[in-house]
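The file query.txt contains compact mmCIF, C-alpha atoms:
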# COMPACT_ATOMS: atom_id res chain seq x y z
CA MET Q 1 65.19 121.49 90.89
CA SER Q 2 66.85 119.48 88.10
CA TYR Q 3 67.16 115.96 86.82
CA ARG Q 4 70.62 115.79 88.46
CA ASP Q 5 68.81 115.24 91.77
CA VAL Q 6 67.33 112.02 90.34
CA ALA Q 7 70.57 110.55 88.98
CA SER Q 8 71.95 108.01 91.47
CA PRO Q 9 73.00 104.33 91.47
CA GLN Q 10 69.88 103.33 93.41
CA VAL Q 11 67.58 105.06 90.92
CA LEU Q 12 69.37 103.18 88.13
CA VAL Q 13 68.68 99.89 89.96
CA TRP Q 14 65.07 101.01 90.38
CA ALA Q 15 64.81 101.73 86.63
CA CYS Q 16 66.09 98.26 85.70
CA THR Q 17 63.70 96.68 88.20
CA SER Q 18 60.83 98.76 86.83
CA VAL Q 19 61.55 97.66 83.25
CA GLY Q 20 61.43 94.03 84.38
CA ALA Q 21 58.14 94.58 86.17
CA ARG Q 22 56.38 96.74 83.57
CA MET Q 23 57.55 95.45 80.21
CA PRO Q 24 55.51 92.23 80.65
CA VAL Q 25 52.42 94.34 81.37
CA ALA Q 26 52.88 96.25 78.12
CA MET Q 27 53.56 93.06 76.16
CA ALA Q 28 50.77 90.88 77.57
CA PRO Q 29 47.60 91.79 75.60
CA LEU Q 30 49.21 91.61 72.16
CA ALA Q 31 51.29 88.58 73.13
CA LEU Q 32 48.15 86.69 74.19
CA VAL Q 33 46.50 87.43 70.86
CA PHE Q 34 49.53 86.15 68.90
CA LEU Q 35 49.72 83.06 71.11
CA VAL Q 36 46.30 81.67 70.15
CA ARG Q 37 45.60 83.27 66.77
CA GLU Q 38 46.21 79.97 64.91
CA ARG Q 39 43.65 78.11 67.03
CA PRO Q 40 39.96 77.92 65.99
CA GLY Q 41 38.38 81.29 66.71
CA GLY Q 42 41.89 82.44 67.62
CA TYR Q 43 41.47 86.20 67.50
CA ALA Q 44 38.27 86.11 69.52
CA LEU Q 45 39.90 83.76 72.04
CA GLY Q 46 42.96 86.00 72.24
CA ALA Q 47 40.83 89.05 72.88
CA ALA Q 48 38.91 87.20 75.59
CA VAL Q 49 42.08 86.00 77.35
CA ALA Q 50 43.57 89.50 77.11
CA ALA Q 51 40.38 90.91 78.63
CA VAL Q 52 40.68 88.45 81.54
CA TYR Q 53 44.28 89.59 82.03
CA VAL Q 54 43.21 93.26 82.18
CA LEU Q 55 40.38 92.33 84.56
CA GLY Q 56 42.96 90.73 86.85
CA GLU Q 57 44.94 93.98 86.84
CA ILE Q 58 41.86 96.08 87.61
CA ILE Q 59 40.85 93.85 90.53
CA GLY Q 60 44.33 93.17 91.87
CA ALA Q 61 45.70 96.72 91.87
CA PRO Q 62 43.37 98.24 94.51
CA LEU Q 63 42.98 95.09 96.60
CA LEU Q 64 46.70 94.37 96.87
CA GLY Q 65 47.76 98.01 96.82
CA MET Q 66 45.78 98.76 99.96
CA ARG Q 67 47.51 95.87 101.74
CA LEU Q 68 51.04 97.11 101.06
CA ARG Q 69 52.90 97.95 104.27
CA PRO Q 70 55.21 100.94 103.73
CA ASP Q 71 57.84 99.64 106.17
CA ARG Q 72 58.10 96.18 104.55
CA ALA Q 73 56.66 96.47 101.06
CA ARG Q 74 59.54 94.65 99.36
CA PRO Q 75 58.51 91.09 100.38
CA GLN Q 76 54.92 91.76 99.32
CA LEU Q 77 55.99 93.19 95.95
CA ALA Q 78 58.43 90.32 95.39
CA ALA Q 79 55.72 87.74 96.11
CA GLY Q 80 53.32 89.38 93.66
CA LEU Q 81 55.92 89.68 90.91
CA GLY Q 82 57.01 86.08 91.50
CA LEU Q 83 53.46 84.82 91.10
CA GLY Q 84 53.06 86.97 88.01
CA ALA Q 85 56.17 85.36 86.51
CA VAL Q 86 54.66 81.95 87.25
CA GLY Q 87 51.47 82.98 85.44
CA PHE Q 88 53.34 84.17 82.34
CA ALA Q 89 55.55 81.08 82.33
CA GLY Q 90 52.51 78.81 82.62
CA ILE Q 91 50.90 80.42 79.58
CA GLY Q 92 54.13 80.11 77.59
CA VAL Q 93 54.69 76.48 78.55
CA LEU Q 94 51.04 75.44 78.00
CA PRO Q 95 49.91 77.42 74.94
CA ASP Q 96 47.55 74.68 73.73
CA THR Q 97 45.78 74.07 77.01
CA GLN Q 98 42.06 74.61 77.58
CA PRO Q 99 40.79 78.21 77.34
CA VAL Q 100 39.67 78.10 80.99
CA VAL Q 101 43.21 77.25 82.10
CA LEU Q 102 44.65 79.99 79.88
CA GLY Q 103 42.18 82.44 81.40
CA ALA Q 104 43.10 81.42 84.96
CA LEU Q 105 46.82 81.81 84.25
CA ALA Q 106 46.20 85.16 82.54
CA PHE Q 107 44.19 86.37 85.53
CA LEU Q 108 47.03 85.34 87.86
CA ALA Q 109 49.61 87.08 85.64
CA GLY Q 110 47.53 90.26 85.70
CA ALA Q 111 46.33 90.32 89.32
CA ALA Q 112 49.34 89.10 91.33
CA PRO Q 113 51.82 91.86 90.34
CA ALA Q 114 49.19 94.59 89.93
CA ALA Q 115 50.31 96.49 93.05
CA ALA Q 116 53.88 96.71 91.72
CA ALA Q 117 53.24 99.91 89.76
CA GLY Q 118 52.10 101.80 92.86
CA GLY Q 119 54.72 100.23 95.12
CA LEU Q 120 57.59 100.98 92.74
CA ARG Q 121 56.42 104.57 92.36
CA ALA Q 122 56.38 105.01 96.13
CA LEU Q 123 59.85 103.47 96.35
CA LEU Q 124 61.12 105.87 93.68
CA THR Q 125 59.91 109.00 95.45
CA GLY Q 126 61.58 107.68 98.61
CA LEU Q 127 64.94 107.37 96.82
CA VAL Q 128 65.16 111.05 95.82
CA PRO Q 129 65.06 114.32 97.79
CA GLU Q 130 61.60 115.76 98.42
CA ARG Q 131 62.33 118.69 96.10
CA ALA Q 132 62.98 116.27 93.20
CA ALA Q 133 59.67 114.37 93.42
CA SER Q 134 58.31 115.99 90.25
CA GLN Q 135 61.48 115.19 88.29
CA ALA Q 136 61.44 111.59 89.57
CA LEU Q 137 57.86 111.08 88.45
CA SER Q 138 58.65 112.70 85.09
CA ALA Q 139 61.58 110.31 84.65
CA GLU Q 140 59.27 107.40 85.50
CA SER Q 141 56.77 108.57 82.89
CA MET Q 142 59.52 108.77 80.27
CA LEU Q 143 60.61 105.23 81.13
CA VAL Q 144 57.06 103.90 80.87
CA SER Q 145 56.52 105.68 77.54
CA GLY Q 146 59.68 104.06 76.21
CA ILE Q 147 58.49 100.64 77.38
CA TRP Q 148 55.14 101.04 75.64
CA ALA Q 149 56.84 102.29 72.47
CA VAL Q 150 59.16 99.26 72.28
CA SER Q 151 56.77 96.51 73.41
CA PRO Q 152 54.56 96.10 70.29
CA SER Q 153 57.56 95.68 68.00
CA ALA Q 154 59.22 93.26 70.43
CA VAL Q 155 56.10 91.11 70.68
CA THR Q 156 55.50 91.07 66.93
CA GLY Q 157 59.11 90.23 66.11
CA LEU Q 158 59.36 87.41 68.65
CA ALA Q 159 55.94 85.91 67.91
CA LEU Q 160 56.42 85.87 64.13
CA GLY Q 161 60.18 85.38 63.97
CA VAL Q 162 60.81 82.93 66.83
CA ALA Q 163 57.65 81.32 68.24
CA PRO Q 164 54.19 82.47 69.41
CA ARG Q 165 55.08 81.51 72.98
CA ALA Q 166 58.38 83.45 72.98
CA PRO Q 167 56.94 86.82 74.13
CA LEU Q 168 55.23 85.15 77.11
CA LEU Q 169 58.40 83.35 78.15
CA LEU Q 170 60.37 86.61 77.83
CA ALA Q 171 57.73 88.32 79.98
CA ALA Q 172 58.15 85.62 82.63
CA ALA Q 173 61.94 86.03 82.61
CA LEU Q 174 61.71 89.82 82.85
CA MET Q 175 59.27 89.69 85.76
CA ALA Q 176 61.44 87.16 87.56
CA SER Q 177 64.44 89.48 87.10
CA SER Q 178 62.49 92.30 88.76
CA VAL Q 179 62.22 90.15 91.89
CA ALA Q 180 66.02 89.99 91.99
CA GLY Q 181 66.21 93.76 91.43
CA LEU Q 182 63.95 94.40 94.41
CA SER Q 183 66.54 92.81 96.70
CA LEU Q 184 68.88 95.72 95.92
CA LEU Q 185 66.28 98.37 96.84
CA PRO Q 186 65.08 99.54 100.27
CA ALA Q 187 62.58 97.36 102.10
CA GLY Q 188 60.00 100.17 102.06
CA TRP Q 189 59.61 103.91 102.13
CA ASP Q 190 59.65 106.44 104.94
CA THR Q 191 56.23 107.41 106.34
CA ARG Q 192 57.51 109.95 108.82
CA ASN Q 193 55.83 113.11 107.63
CA MET Q 194 54.23 115.91 109.61
CA ARG Q 195 51.29 116.02 107.24
CA GLU Q 196 50.23 112.63 108.45
CA GLU Q 197 50.33 113.77 112.05
CA GLY Q 198 48.70 117.11 111.27
CA GLY Q 199 45.29 118.58 110.69
CA GLU Q 200 41.99 117.11 109.65
CA GLY Q 201 42.72 113.93 111.57
CA ARG Q 202 43.96 112.23 108.44
CA SER Q 203 46.11 109.85 110.44
CA ASP Q 204 42.94 108.52 112.08
CA LYS Q 205 41.26 107.66 108.79
CA SER Q 206 41.38 104.22 107.27
CA PRO Q 207 43.13 103.86 103.89
CA LEU Q 208 39.75 103.16 102.28
CA ARG Q 209 38.30 106.46 103.56
CA LEU Q 210 41.41 108.35 102.48
CA LEU Q 211 41.19 106.90 98.99
CA ALA Q 212 37.45 107.54 98.78
CA GLY Q 213 38.11 111.21 99.55
CA ALA Q 214 40.47 111.42 96.56
CA TRP Q 215 37.90 110.13 94.04
CA PRO Q 216 38.03 113.26 91.79
CA LEU Q 217 41.69 112.56 91.03
CA PHE Q 218 40.89 109.02 89.97
CA VAL Q 219 38.04 110.21 87.72
CA THR Q 220 40.16 112.73 85.83
CA GLY Q 221 43.15 110.35 85.68
CA ALA Q 222 40.99 107.68 84.10
CA ALA Q 223 39.41 110.20 81.72
CA GLY Q 224 42.81 111.35 80.47
CA LEU Q 225 44.00 107.86 79.56
CA ALA Q 226 40.63 106.77 78.18
CA LEU Q 227 40.47 109.67 75.74
CA LEU Q 228 43.72 108.92 73.94
CA GLY Q 229 42.96 105.22 74.33
CA LEU Q 230 39.83 105.76 72.24
CA ALA Q 231 41.81 107.57 69.57
CA GLU Q 232 44.39 104.77 69.58
CA LEU Q 233 41.82 101.99 69.23
CA VAL Q 234 39.84 103.74 66.51
CA LEU Q 235 42.90 104.99 64.60
CA PRO Q 236 43.15 102.08 62.07
CA ALA Q 237 39.47 102.45 61.17
CA LEU Q 238 39.86 106.24 60.96
CA LEU Q 239 42.81 105.94 58.57
CA GLN Q 240 40.81 103.57 56.40
CA GLN Q 241 37.95 106.09 56.43
CA ARG Q 242 40.42 108.77 55.25
CA GLY Q 243 41.72 106.52 52.46
CA THR Q 244 45.12 106.02 54.13
CA GLY Q 245 46.82 102.67 54.62
CA VAL Q 246 46.14 101.22 58.06
CA GLY Q 247 49.82 100.31 58.27
CA TRP Q 248 50.52 103.93 59.17
CA SER Q 249 48.77 103.41 62.51
CA GLY Q 250 51.92 101.75 63.94
CA PRO Q 251 54.29 104.69 63.29
CA MET Q 252 51.62 107.14 64.42
CA LEU Q 253 51.14 105.31 67.72
CA THR Q 254 54.91 105.24 68.18
CA GLY Q 255 54.83 109.01 67.72
CA LEU Q 256 52.13 109.16 70.38
CA ALA Q 257 54.40 107.31 72.84
CA VAL Q 258 57.40 109.48 71.94
CA GLY Q 259 55.26 112.57 72.46
CA GLY Q 260 54.33 111.26 75.91
CA ALA Q 261 58.00 110.85 76.83
CA LEU Q 262 58.81 114.34 75.57
CA GLY Q 263 55.91 115.85 77.49
CA ALA Q 264 57.05 114.15 80.70
CA PHE Q 265 60.59 115.47 80.21
CA LEU Q 266 59.41 119.04 79.62
CA HIS Q 267 57.08 118.91 82.62
CA GLY Q 268 59.98 118.02 84.92
CA LEU Q 269 62.19 120.90 83.78
CA ARG Q 270 60.44 123.55 85.87
CA ALA Q 271 57.72 124.34 88.38
CA TRP Q 272 54.46 125.25 86.68
CA PRO Q 273 52.07 127.96 87.96
CA GLY Q 274 48.58 127.42 89.29
CA PRO Q 275 46.97 124.80 91.52
CA PRO Q 276 47.03 121.24 90.15
CA ARG Q 277 43.26 121.04 89.63
CA THR Q 278 43.37 124.11 87.37
CA ARG Q 279 46.40 122.88 85.45
CA SER Q 280 44.77 119.49 85.02
CA ALA Q 281 41.52 120.97 83.69
CA VAL Q 282 43.37 123.22 81.20
CA LEU Q 283 45.55 120.35 80.01
CA MET Q 284 42.55 118.05 79.63
CA VAL Q 285 40.76 120.61 77.47
CA ALA Q 286 43.91 120.87 75.33
CA VAL Q 287 44.07 117.07 74.98
CA MET Q 288 40.41 117.03 73.96
CA ALA Q 289 41.17 119.67 71.31
CA CYS Q 290 43.98 117.49 69.92
CA VAL Q 291 41.79 114.39 69.78
CA THR Q 292 39.02 116.41 68.11
CA LEU Q 293 41.54 117.45 65.47
CA VAL Q 294 42.47 113.79 64.99
CA ALA Q 295 38.81 113.11 64.16
CA LEU Q 296 38.40 116.09 61.84
CA ILE Q 297 41.71 116.54 59.98
CA PRO Q 298 41.70 114.71 56.61
CA ASP Q 299 45.48 114.79 56.12
CA PRO Q 300 47.48 111.90 57.68
CA ALA Q 301 50.38 114.23 58.51
CA GLY Q 302 48.01 116.47 60.49
CA ILE Q 303 46.63 113.45 62.35
CA ALA Q 304 50.17 112.37 63.26
CA VAL Q 305 51.05 115.85 64.59
CA ALA Q 306 47.83 116.02 66.62
CA LEU Q 307 48.61 112.61 68.16
CA VAL Q 308 52.16 113.63 69.13
CA VAL Q 309 50.97 116.87 70.73
CA GLY Q 310 48.10 115.04 72.43
CA GLY Q 311 50.55 112.51 73.83
CA MET Q 312 52.72 115.31 75.24
CA LEU Q 313 49.76 116.95 76.94
CA GLN Q 314 48.28 113.67 78.20
CA SER Q 315 51.51 112.68 79.94
CA ALA Q 316 51.48 116.08 81.66
CA VAL Q 317 47.90 115.45 82.81
CA LEU Q 318 48.85 112.12 84.38
CA LEU Q 319 51.88 113.66 86.08
CA VAL Q 320 49.80 116.49 87.55
CA ARG Q 321 47.25 113.93 88.79
CA THR Q 322 50.01 111.84 90.38
CA LEU Q 323 51.58 114.85 92.11
CA ALA Q 324 48.15 115.97 93.34
CA LEU Q 325 47.45 112.47 94.66
CA ARG Q 326 50.82 112.45 96.43
CA GLU Q 327 49.93 115.70 98.19
CA ALA Q 328 46.37 114.65 99.00
CA LEU Q 329 47.32 111.38 100.75
CA PRO Q 330 49.59 110.69 103.73
CA PRO Q 331 52.68 108.59 102.93
CA ARG Q 332 51.18 105.40 104.35
CA ALA Q 333 48.37 105.53 101.78
CA GLN Q 334 50.29 106.73 98.74
CA ALA Q 335 51.16 103.32 97.30
CA ALA Q 336 47.51 102.30 97.60
CA GLY Q 337 46.51 105.56 95.91
CA TYR Q 338 48.90 104.97 93.02
CA SER Q 339 47.54 101.43 92.67
CA VAL Q 340 43.93 102.65 92.60
CA MET Q 341 44.90 105.27 90.01
CA TYR Q 342 46.46 102.47 87.95
CA ALA Q 343 43.27 100.42 88.26
CA ALA Q 344 41.07 103.41 87.41
CA SER Q 345 43.13 104.10 84.30
CA GLY Q 346 42.89 100.44 83.28
CA ALA Q 347 39.15 100.49 83.82
CA GLY Q 348 38.85 103.65 81.76
CA TYR Q 349 40.82 102.04 78.95
CA ALA Q 350 38.70 98.89 79.11
CA VAL Q 351 35.46 100.89 79.00
CA THR Q 352 36.89 102.89 76.11
CA GLY Q 353 37.57 99.69 74.17
CA SER Q 354 34.01 98.51 74.68
CA LEU Q 355 32.64 101.93 73.73
CA ALA Q 356 34.77 102.03 70.58
CA GLY Q 357 33.57 98.58 69.50
CA ALA Q 358 29.94 99.51 70.05
CA LEU Q 359 30.18 102.89 68.31
CA LEU Q 360 32.01 101.57 65.26
CA ARG Q 361 29.05 99.27 64.56
CA VAL Q 362 26.63 102.19 64.24
CA THR Q 363 28.66 105.25 63.23
CA ALA Q 364 31.78 106.43 61.41
CA PRO Q 365 35.17 106.29 63.19
CA SER Q 366 35.48 110.09 63.28
CA THR Q 367 32.06 110.37 64.92
CA ALA Q 368 33.00 107.68 67.45
CA ILE Q 369 36.02 109.75 68.50
CA LEU Q 370 33.87 112.87 68.90
CA TRP Q 371 31.47 110.94 71.15
CA GLY Q 372 34.46 109.92 73.24
CA VAL Q 373 35.54 113.57 73.52
CA ALA Q 374 32.07 114.51 74.74
CA LEU Q 375 32.12 111.76 77.37
CA THR Q 376 35.59 112.84 78.54
CA LEU Q 377 34.42 116.44 78.85
CA VAL Q 378 31.65 115.30 81.21
CA LEU Q 379 34.08 113.23 83.30
CA THR Q 380 36.56 116.12 83.48
CA ALA Q 381 33.82 118.48 84.67
CA ILE Q 382 32.75 115.99 87.35
CA GLY Q 383 36.33 115.56 88.56
CA TRP Q 384 36.97 119.32 88.65
CA TRP Q 385 33.73 119.90 90.58
CA GLY Q 386 34.71 117.21 93.08
CA GLU Q 387 38.15 118.76 93.62
CA VAL Q 388 36.71 122.25 94.18
CA ARG Q 389 34.19 120.83 96.64
CA ARG Q 390 36.91 118.93 98.50
CA ALA Q 391 39.09 122.06 98.70
CA ARG Q 392 36.22 124.07 100.18
CA ARG Q 393 35.53 121.39 102.79
CA SER Q 394 39.21 121.34 103.70
CA ALA Q 395 39.34 125.11 104.13
CA HIS Q 396 36.08 125.12 106.13
CA GLY Q 397 37.41 122.39 108.42
CA ALA Q 398 40.61 124.38 109.03
CA ASP Q 399 38.64 127.54 109.85
CA THR Q 400 36.45 125.62 112.30
CA ALA Q 401 39.49 124.12 114.03
CA VAL Q 402 41.09 127.56 114.40
CA MET Q 403 37.93 129.11 115.87
CA SER Q 404 37.52 126.21 118.30
CA GLY Q 405 41.11 126.52 119.48
CA THR Q 406 40.78 130.28 119.97
CA ALA Q 407 37.47 130.07 121.81
CA ALA Q 408 38.86 127.47 124.15
CA GLY Q 409 41.72 129.75 125.14
CA GLY Q 410 44.21 127.05 124.19
CA PRO Q 411 47.65 127.41 122.71
CA LEU Q 412 46.24 128.82 119.48
CA ALA Q 413 44.75 131.78 121.32
CA ALA Q 414 47.96 132.47 123.22
CA LEU Q 415 50.15 133.03 120.18
CA PRO Q 416 49.86 136.23 118.16
CA GLY Q 417 49.20 135.68 114.47
CA THR Q 418 48.39 132.01 114.98
CA GLU Q 419 44.99 132.23 113.35
CA SER Q 420 46.26 133.41 109.99
CA THR Q 421 49.04 130.83 110.03
CA ALA Q 422 46.66 127.99 110.80
CA ILE Q 423 44.30 129.04 108.03
CA ARG Q 424 47.14 129.05 105.51
CA GLY Q 425 48.16 125.62 106.75
CA GLY Q 426 44.67 124.32 106.01
CA CYS Q 427 44.81 124.96 102.28
CA ASP Q 428 43.97 122.45 99.62
CA PRO Q 429 46.50 119.63 99.98
CA GLN Q 430 47.03 119.73 96.23
CA GLU Q 431 48.26 123.34 96.40
CA CYS Q 432 50.74 122.85 99.26
CA LEU Q 433 53.77 121.86 97.19
This entry written out as C-alpha cells:
Amino acid sequence: MSYRDVASPQVLVWACTSVGARMPVAMAPLALVFLVRERPGGYALGAAVAAVYVLGEIIGAPLLGMRLRPDRARPQLAAGLGLGAVGFAGIGVLPDTQPVVLGALAFLAGAAPAAAAGGLRALLTGLVPERAASQALSAESMLVSGIWAVSPSAVTGLALGVAPRAPLLLAAALMASSVAGLSLLPAGWDTRNMREEGGEGRSDKSPLRLLAGAWPLFVTGAAGLALLGLAELVLPALLQQRGTGVGWSGPMLTGLAVGGALGAFLHGLRAWPGPPRTRSAVLMVAVMACVTLVALIPDPAGIAVALVVGGMLQSAVLLVRTLALREALPPRAQAAGYSVMYAASGAGYAVTGSLAGALLRVTAPSTAILWGVALTLVLTAIGWWGEVRRARRSAHGADTAVMSGTAAGGPLAALPGTESTAIRGGCDPQECL
C-alpha cells in the first residue's frame, strides 16, 4: 500500500472537481456574514442566513444521499451542484434583497449539492484499487483540510478588497466548474461486491435500515468534529481570557487545519493495528486530552501545539470512522452513508455552536470547553457501546446460520471445516479489512 496507487489522471480530475464542489461549502458561512454586515443588524442577519445554509446541508445530505443511484450518480450530482451554483449566484447578484429571499437562496445553496460530498467520496474509492482505499480517503482528507485552511483568507480578502458579493460569485463559479468536471468522471461506481450478496441478508435490507444499523459510527463521527468545533468557536474568547490578542486565533486555527492534513497523510502511510472501533475510541480519548489541555494551558504556544496535535488525531478519527462505515455498508448504500455522516457532523457542529453560545453567557471559556469534553466523552461511550453490541449481534447471527445449515444437512454440513470458516466470515464488518 502506498500513495502511488492513488496517483492517476482520473484522480487528478476528481481532485479538481472536488475543490470546485467543496470550496464553496467552506466559504459560505463567513461569506454570508461579510455580505450583509453593513446592513442594519448585519451580523445577526448574517449569522441567521448562515444558520439557514447549514440547515439546508443537514437536511439535504441524508435525503438526497439516499436517493443516489450508484450506476448513474453523475446526473444526480450534476443537477444538485448546478442548483447550488444557482443559489450562490442568486445571493451574489441580489445582496440587498429581503432576508426571506436571502434565506431561501441560502437554503437552496446548502441543500441542493449536499449529497456531493458522499457521492464524490464513493466515486474516488471506485477510481483506485481496493487495497488503496485507505490512502485515497487520506488524500481526500488532506485536500479538504487544505480547502478549509485557505477559505477564510480567501473570503476575507475578496470581501474587503474587492466587494462583499465577490466570495459568493466565486463560490457560484467554482460550483459550476465542478459540474463540468463531473463529465470527465465515471457515471457511477461499481456495486458488484460479494459482501452485498453474502451473509446476514444485507442485500435484502432497505438503505434506511442499513443506515440505521450503522448509527454508532454516526454518533462518534459527529462527536469527533463537534469537540474540536467547540474549541475552535470558543478560542477567541479563551485567548482573551488568557490575556492574549484574539488576532492569534486565525494562525492557530490554520495550524489546526494543517495538523489535520498531516494526520491524514500519516494515517495513510501504513496499516494500523486493532479493530476500527478500538482505534476510534483510543483516538477520541487522545483528542479529548488535547482539547482539555487547550482549556487548561495558560501559554499561547502550548495552546497552539495542543490544537495542532488535536487536529492530527481528529483527522485520524474521521478516517477510521469512514473506513469502518465503508466496511459496514454494501456498496449500494455507501454514498448514502457518507452523506449521513456528513449531515451528522454538520449537526454536531451546529449543536456545538449553540452550546458554546449558551455556556459563554454563564461560565468562563475554559470551563465551557471542559463541559464540551464531558459531553463528547458521553457520546463516545455511547457509540463504542453501540458498536460492540452490533458486533456481538453479527457474530451471533453468523453462528445461528452455521448451526442451521449443519442441522439441515445442507452444503455446509457436507464440507469439512466449513463451520469454522463460516464463523470467521461472520466477523464484525469493521474488522474485515
Closest of Q:Gln240, Q:Ser178, Q:Ser151, Q:Thr220 to Q:Ala21 - atom-to-atom distances counting all atoms listed in the file: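 Looking only at the distances to Q:Ala21, the closest residue turns out to be Q:Ser178.
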Å distance separating atom CA of Q:Gly260 from atom CA of Q:Leu182, one decimal place: 26.8 Å
Spatial neighbours of Q:Pro75, 12 Å, only C-alpha atoms, chain gap at least 6 places, as number ranges by chain: Q: 68-69, 81-82, 116, 119, 179-180, 182-183, 185-188
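One distance worth recording is that between atom CA of Q:Ala364 and atom CA of Q:Val305, which is 21.7 Å.
Of the residues listed (Q:Tyr3, Q:Tyr349, Q:Phe34, Q:Tyr53), Q:Tyr349 shows the shortest atom-to-atom separation from Q:Leu233; distances use only C-alpha atoms.
The nearest approach to Q:Val49 among the residues Q:Leu105, Q:Gly65, Q:Ala78, Q:Glu130, with only C-alpha atoms taken into account, belongs to Q:Leu105.
The gap separating atom CA of Q:Ile297 from atom CA of Q:Val378 is 23.5 Å, in Å to one decimal.
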Best match for closeness to Q:Gly110 among Q:Pro273, Q:Pro9, Q:Gly346, Q:Gly250, counting all atoms listed in the file: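 Nearest to Q:Gly110: Q:Gly346.
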Need the neighbours of (66.2, 114.0, 96.3): which residues are at most 10 Å away, counting only C-alpha atoms, as a compact mmCIF listing (two decimals) with C-alpha atoms, keeping the file's coordinate frame?
# COMPACT_ATOMS: atom_id res chain seq x y z
CA MET Q 1 65.19 121.49 90.89
CA SER Q 2 66.85 119.48 88.10
CA TYR Q 3 67.16 115.96 86.82
CA ARG Q 4 70.62 115.79 88.46
CA ASP Q 5 68.81 115.24 91.77
CA VAL Q 6 67.33 112.02 90.34
CA ALA Q 7 70.57 110.55 88.98
CA SER Q 8 71.95 108.01 91.47
CA LEU Q 124 61.12 105.87 93.68
CA THR Q 125 59.91 109.00 95.45
CA GLY Q 126 61.58 107.68 98.61
CA LEU Q 127 64.94 107.37 96.82
CA VAL Q 128 65.16 111.05 95.82
CA PRO Q 129 65.06 114.32 97.79
CA GLU Q 130 61.60 115.76 98.42
CA ARG Q 131 62.33 118.69 96.10
CA ALA Q 132 62.98 116.27 93.20
CA ALA Q 133 59.67 114.37 93.42
CA GLN Q 135 61.48 115.19 88.29
CA ALA Q 136 61.44 111.59 89.57
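Nearest to Q:Met27 of all the residues Q:Ala44, Q:Leu102, Q:Ile147, Q:Val287 is Q:Ile147, based on only C-alpha atoms.
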Would you pull stretch 141-178 of chain Q out of the block just shown and save C-alpha atoms as an mmCIF file, in the first residue's frame?
data_model
loop_
_atom_site.group_PDB
_atom_site.id
_atom_site.type_symbol
_atom_site.label_atom_id
_atom_site.label_comp_id
_atom_site.auth_asym_id
_atom_site.auth_seq_id
_atom_site.Cartn_x
_atom_site.Cartn_y
_atom_site.Cartn_z
ATOM 1 C CA SER Q 141 -8.898 14.397 3.929
ATOM 2 C CA MET Q 142 -5.690 16.273 3.118
ATOM 3 C CA LEU Q 143 -7.437 18.032 0.240
ATOM 4 C CA VAL Q 144 -10.383 19.039 2.427
ATOM 5 C CA SER Q 145 -8.052 20.291 5.174
ATOM 6 C CA GLY Q 146 -6.269 22.442 2.614
ATOM 7 C CA ILE Q 147 -9.581 23.844 1.389
ATOM 8 C CA TRP Q 148 -10.663 24.775 4.904
ATOM 9 C CA ALA Q 149 -7.266 26.331 5.625
ATOM 10 C CA VAL Q 150 -7.396 28.564 2.533
ATOM 11 C CA SER Q 151 -11.092 29.513 2.546
ATOM 12 C CA PRO Q 152 -11.206 32.042 5.434
ATOM 13 C CA SER Q 153 -8.350 34.098 3.993
ATOM 14 C CA ALA Q 154 -9.870 33.967 0.500
ATOM 15 C CA VAL Q 155 -13.262 35.142 1.745
ATOM 16 C CA THR Q 156 -11.803 37.929 3.874
ATOM 17 C CA GLY Q 157 -9.529 39.194 1.107
ATOM 18 C CA LEU Q 158 -12.250 39.209 -1.547
ATOM 19 C CA ALA Q 159 -14.963 40.688 0.677
ATOM 20 C CA LEU Q 160 -12.796 43.521 2.000
ATOM 21 C CA GLY Q 161 -10.550 44.059 -1.012
ATOM 22 C CA VAL Q 162 -12.970 43.607 -3.934
ATOM 23 C CA ALA Q 163 -16.648 43.567 -2.925
ATOM 24 C CA PRO Q 164 -18.824 41.844 -0.284
ATOM 25 C CA ARG Q 165 -20.571 39.863 -3.026
ATOM 26 C CA ALA Q 166 -17.314 38.644 -4.620
ATOM 27 C CA PRO Q 167 -16.894 35.495 -2.455
ATOM 28 C CA LEU Q 168 -20.444 34.363 -3.287
ATOM 29 C CA LEU Q 169 -19.929 34.880 -7.010
ATOM 30 C CA LEU Q 170 -16.628 32.977 -6.829
ATOM 31 C CA ALA Q 171 -18.434 30.176 -4.996
ATOM 32 C CA ALA Q 172 -21.028 30.032 -7.770
ATOM 33 C CA ALA Q 173 -18.317 29.868 -10.449
ATOM 34 C CA LEU Q 174 -16.418 27.131 -8.601
ATOM 35 C CA MET Q 175 -19.528 25.010 -8.121
ATOM 36 C CA ALA Q 176 -20.463 25.427 -11.775
ATOM 37 C CA SER Q 177 -16.953 24.285 -12.751
ATOM 38 C CA SER Q 178 -17.428 21.117 -10.696
#
